[in-house]
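First the structure, in the form of structure tokens, and then the observations on it.
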Amino acid sequence: MNKILLIFDPMIIIKGIPFSRINGITLFPFIIVRPRNPDKVLINHEWIHIRQQLELLVIPFYIWYVAEWVYHYLRCGEWWTAYRRIGFEKEAYANQEDLNYLKTRKAWAFLKYR
């Protein structure tokens, strides 16, 4: 399954968006980033989110993402801490510097970061 996703992964990068507190966001099929010349690590982080979204057929990904953020926010009361505790983000941050990660990543890998 991963090889099929690798072939069909869409990636439309929109650069230079003036976000104030974030470097990028992935809204399938778009990767939207603040820097005009984003580095490979940032793009890899967002590309991991593309793969997660495809695995969950996009809309369920967003429902799960928001539900997990709300859960963590209610427990800790801090916006950024809740964000960093989301399993999808944990996987992306843990592997963003490994530019070959998506070549070997197993399907549903984000589950081990919950």
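Note on naming: chains are A, B, ... as they come in the structure tokens, residues start from 1 per chain, ligands start from 1 in the order shown.
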
Within 12 Å of Ile86 (chain A), counting only C-alpha atoms, which residues qualify if same-chain residues fewer than 4 places away don't, as a PDB file with N, CA, C and O atoms, in the first residue's frame?
```
ATOM      1  N   HIS A  49       2.324  14.620   6.848  1.00  0.00           N
ATOM      2  CA  HIS A  49       0.905  14.871   7.084  1.00  0.00           C
ATOM      3  C   HIS A  49       0.062  14.507   5.856  1.00  0.00           C
ATOM      4  O   HIS A  49      -1.053  13.998   5.999  1.00  0.00           O
ATOM      5  N   PHE A  61      -9.172  12.266   8.996  1.00  0.00           N
ATOM      6  CA  PHE A  61      -7.926  12.782   9.558  1.00  0.00           C
ATOM      7  C   PHE A  61      -8.190  14.074  10.320  1.00  0.00           C
ATOM      8  O   PHE A  61      -7.747  14.236  11.457  1.00  0.00           O
ATOM      9  N   TYR A  62      -8.908  15.004   9.717  1.00  0.00           N
ATOM     10  CA  TYR A  62      -9.160  16.297  10.360  1.00  0.00           C
ATOM     11  C   TYR A  62     -10.028  16.136  11.609  1.00  0.00           C
ATOM     12  O   TYR A  62      -9.797  16.818  12.615  1.00  0.00           O
ATOM     13  N   TRP A  64     -10.173  13.471  13.568  1.00  0.00           N
ATOM     14  CA  TRP A  64      -9.295  12.854  14.571  1.00  0.00           C
ATOM     15  C   TRP A  64      -8.315  13.891  15.111  1.00  0.00           C
ATOM     16  O   TRP A  64      -8.106  13.995  16.320  1.00  0.00           O
ATOM     17  N   TYR A  65      -7.710  14.678  14.212  1.00  0.00           N
ATOM     18  CA  TYR A  65      -6.718  15.687  14.588  1.00  0.00           C
ATOM     19  C   TYR A  65      -7.318  16.679  15.589  1.00  0.00           C
ATOM     20  O   TYR A  65      -6.742  16.944  16.647  1.00  0.00           O
ATOM     21  N   VAL A  66      -8.475  17.228  15.245  1.00  0.00           N
ATOM     22  CA  VAL A  66      -9.127  18.219  16.115  1.00  0.00           C
ATOM     23  C   VAL A  66      -9.560  17.580  17.428  1.00  0.00           C
ATOM     24  O   VAL A  66      -9.365  18.165  18.505  1.00  0.00           O
ATOM     25  N   ALA A  67     -10.116  16.381  17.369  1.00  0.00           N
ATOM     26  CA  ALA A  67     -10.547  15.702  18.599  1.00  0.00           C
ATOM     27  C   ALA A  67      -9.365  15.448  19.525  1.00  0.00           C
ATOM     28  O   ALA A  67      -9.460  15.651  20.740  1.00  0.00           O
ATOM     29  N   GLU A  68      -8.243  15.039  18.942  1.00  0.00           N
ATOM     30  CA  GLU A  68      -7.064  14.782  19.767  1.00  0.00           C
ATOM     31  C   GLU A  68      -6.520  16.078  20.356  1.00  0.00           C
ATOM     32  O   GLU A  68      -6.118  16.122  21.519  1.00  0.00           O
ATOM     33  N   TRP A  69      -6.540  17.165  19.581  1.00  0.00           N
ATOM     34  CA  TRP A  69      -6.082  18.455  20.101  1.00  0.00           C
ATOM     35  C   TRP A  69      -6.984  18.900  21.264  1.00  0.00           C
ATOM     36  O   TRP A  69      -6.485  19.326  22.312  1.00  0.00           O
ATOM     37  N   VAL A  70      -8.295  18.790  21.094  1.00  0.00           N
ATOM     38  CA  VAL A  70      -9.235  19.183  22.155  1.00  0.00           C
ATOM     39  C   VAL A  70      -8.978  18.359  23.418  1.00  0.00           C
ATOM     40  O   VAL A  70      -8.923  18.904  24.524  1.00  0.00           O
ATOM     41  N   TYR A  71      -8.817  17.070  23.251  1.00  0.00           N
ATOM     42  CA  TYR A  71      -8.539  16.192  24.390  1.00  0.00           C
ATOM     43  C   TYR A  71      -7.298  16.664  25.151  1.00  0.00           C
ATOM     44  O   TYR A  71      -7.333  16.826  26.376  1.00  0.00           O
ATOM     45  N   HIS A  72      -6.208  16.896  24.425  1.00  0.00           N
ATOM     46  CA  HIS A  72      -4.967  17.321  25.083  1.00  0.00           C
ATOM     47  C   HIS A  72      -5.091  18.731  25.664  1.00  0.00           C
ATOM     48  O   HIS A  72      -4.552  19.010  26.737  1.00  0.00           O
ATOM     49  N   TYR A  73      -5.809  19.600  24.980  1.00  0.00           N
ATOM     50  CA  TYR A  73      -5.990  20.960  25.490  1.00  0.00           C
ATOM     51  C   TYR A  73      -6.766  20.945  26.802  1.00  0.00           C
ATOM     52  O   TYR A  73      -6.419  21.662  27.743  1.00  0.00           O
ATOM     53  N   TRP A  79      -2.361  25.747  24.434  1.00  0.00           N
ATOM     54  CA  TRP A  79      -2.574  25.539  23.008  1.00  0.00           C
ATOM     55  C   TRP A  79      -1.415  24.787  22.365  1.00  0.00           C
ATOM     56  O   TRP A  79      -1.619  23.774  21.705  1.00  0.00           O
ATOM     57  N   TRP A  80      -0.193  25.299  22.507  1.00  0.00           N
ATOM     58  CA  TRP A  80       0.964  24.694  21.831  1.00  0.00           C
ATOM     59  C   TRP A  80       1.337  23.333  22.408  1.00  0.00           C
ATOM     60  O   TRP A  80       1.755  22.434  21.681  1.00  0.00           O
ATOM     61  N   THR A  81       1.172  23.165  23.706  1.00  0.00           N
ATOM     62  CA  THR A  81       1.458  21.863  24.317  1.00  0.00           C
ATOM     63  C   THR A  81       0.479  20.822  23.786  1.00  0.00           C
ATOM     64  O   THR A  81       0.882  19.701  23.443  1.00  0.00           O
ATOM     65  N   ALA A  82      -0.795  21.189  23.690  1.00  0.00           N
ATOM     66  CA  ALA A  82      -1.796  20.269  23.151  1.00  0.00           C
ATOM     67  C   ALA A  82      -1.460  19.901  21.707  1.00  0.00           C
ATOM     68  O   ALA A  82      -1.546  18.732  21.323  1.00  0.00           O
ATOM     69  N   LYS A  90       3.468  14.252  16.578  1.00  0.00           N
ATOM     70  CA  LYS A  90       4.605  13.532  17.158  1.00  0.00           C
ATOM     71  C   LYS A  90       5.346  12.745  16.085  1.00  0.00           C
ATOM     72  O   LYS A  90       6.577  12.755  16.041  1.00  0.00           O
ATOM     73  N   GLU A  91       4.592  12.049  15.225  1.00  0.00           N
ATOM     74  CA  GLU A  91       5.241  11.298  14.150  1.00  0.00           C
ATOM     75  C   GLU A  91       5.984  12.239  13.213  1.00  0.00           C
ATOM     76  O   GLU A  91       7.144  11.990  12.858  1.00  0.00           O
ATOM     77  N   ALA A  92       5.347  13.329  12.817  1.00  0.00           N
ATOM     78  CA  ALA A  92       5.968  14.257  11.871  1.00  0.00           C
ATOM     79  C   ALA A  92       7.231  14.899  12.456  1.00  0.00           C
ATOM     80  O   ALA A  92       8.258  14.974  11.783  1.00  0.00           O
ATOM     81  N   TYR A  93       7.172  15.356  13.705  1.00  0.00           N
ATOM     82  CA  TYR A  93       8.353  15.970  14.320  1.00  0.00           C
ATOM     83  C   TYR A  93       9.465  14.949  14.544  1.00  0.00           C
ATOM     84  O   TYR A  93      10.638  15.253  14.350  1.00  0.00           O
ATOM     85  N   PHE A 110       1.514   6.489  12.528  1.00  0.00           N
ATOM     86  CA  PHE A 110       1.191   7.496  13.550  1.00  0.00           C
ATOM     87  C   PHE A 110       0.596   6.879  14.814  1.00  0.00           C
ATOM     88  O   PHE A 110       0.662   7.464  15.886  1.00  0.00           O
ATOM     89  N   LEU A 111       0.028   5.674  14.703  1.00  0.00           N
ATOM     90  CA  LEU A 111      -0.601   5.043  15.872  1.00  0.00           C
ATOM     91  C   LEU A 111       0.393   4.764  16.985  1.00  0.00           C
ATOM     92  O   LEU A 111       0.023   4.786  18.164  1.00  0.00           O
ATOM     93  N   LYS A 112       1.649   4.516  16.649  1.00  0.00           N
ATOM     94  CA  LYS A 112       2.615   4.238  17.714  1.00  0.00           C
ATOM     95  C   LYS A 112       3.052   5.504  18.450  1.00  0.00           C
ATOM     96  O   LYS A 112       3.753   5.420  19.445  1.00  0.00           O
ATOM     97  N   TYR A 113       2.609   6.670  17.989  1.00  0.00           N
ATOM     98  CA  TYR A 113       2.963   7.951  18.635  1.00  0.00           C
ATOM     99  C   TYR A 113       1.826   8.474  19.499  1.00  0.00           C
ATOM    100  O   TYR A 113       1.895   9.577  20.010  1.00  0.00           O
ATOM    101  N   ARG A 114       0.784   7.718  19.687  1.00  0.00           N
ATOM    102  CA  ARG A 114      -0.365   8.160  20.484  1.00  0.00           C
ATOM    103  C   ARG A 114      -0.090   8.061  21.955  1.00  0.00           C
ATOM    104  O   ARG A 114       0.675   7.391  22.463  1.00  0.00           O
TER     105      ARG A 114
END
```

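The gap separating CA of Asp39 (chain A) from CA of Ile22 (chain A) is 14.4 Å, in Å to one decimal.
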
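Minimum distance to Pro38 (chain A) across A:Arg51, A:Lys15, A:Arg21, A:Arg75 (counting only C-alpha atoms) occurs at A:Lys15.
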
Considering only strand (DSSP E) as DSSP defines it on the backbone, what residues of chain A qualify? List them as a ChimeraX atom specification. /A:12-14,24-27,30-33

Measure the distance from CA of Asn44 (chain A) to CA of Arg84 (chain A) in Å and round it to one decimal. 16.9 Å

Just list the residues in chain A DSSP gives helix (DSSP H, G or I) on the backbone, as a PyMOL selection string. chain A and resi 2-8+40-55+59-76+79-84+87-95+101-104+109-113

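Minimum distance to Leu57 (chain A) across A:Pro29, A:Gly24, A:Pro18, A:Gly87 (counting only C-alpha atoms) occurs at A:Pro29.
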
Residues near Ile17 (chain A), anyone? I mean within 12 Å using only C-alpha atoms, not counting same-chain ones fewer than 3 positions away, as number ranges by chain. A: 13-14, 20-25, 31-38
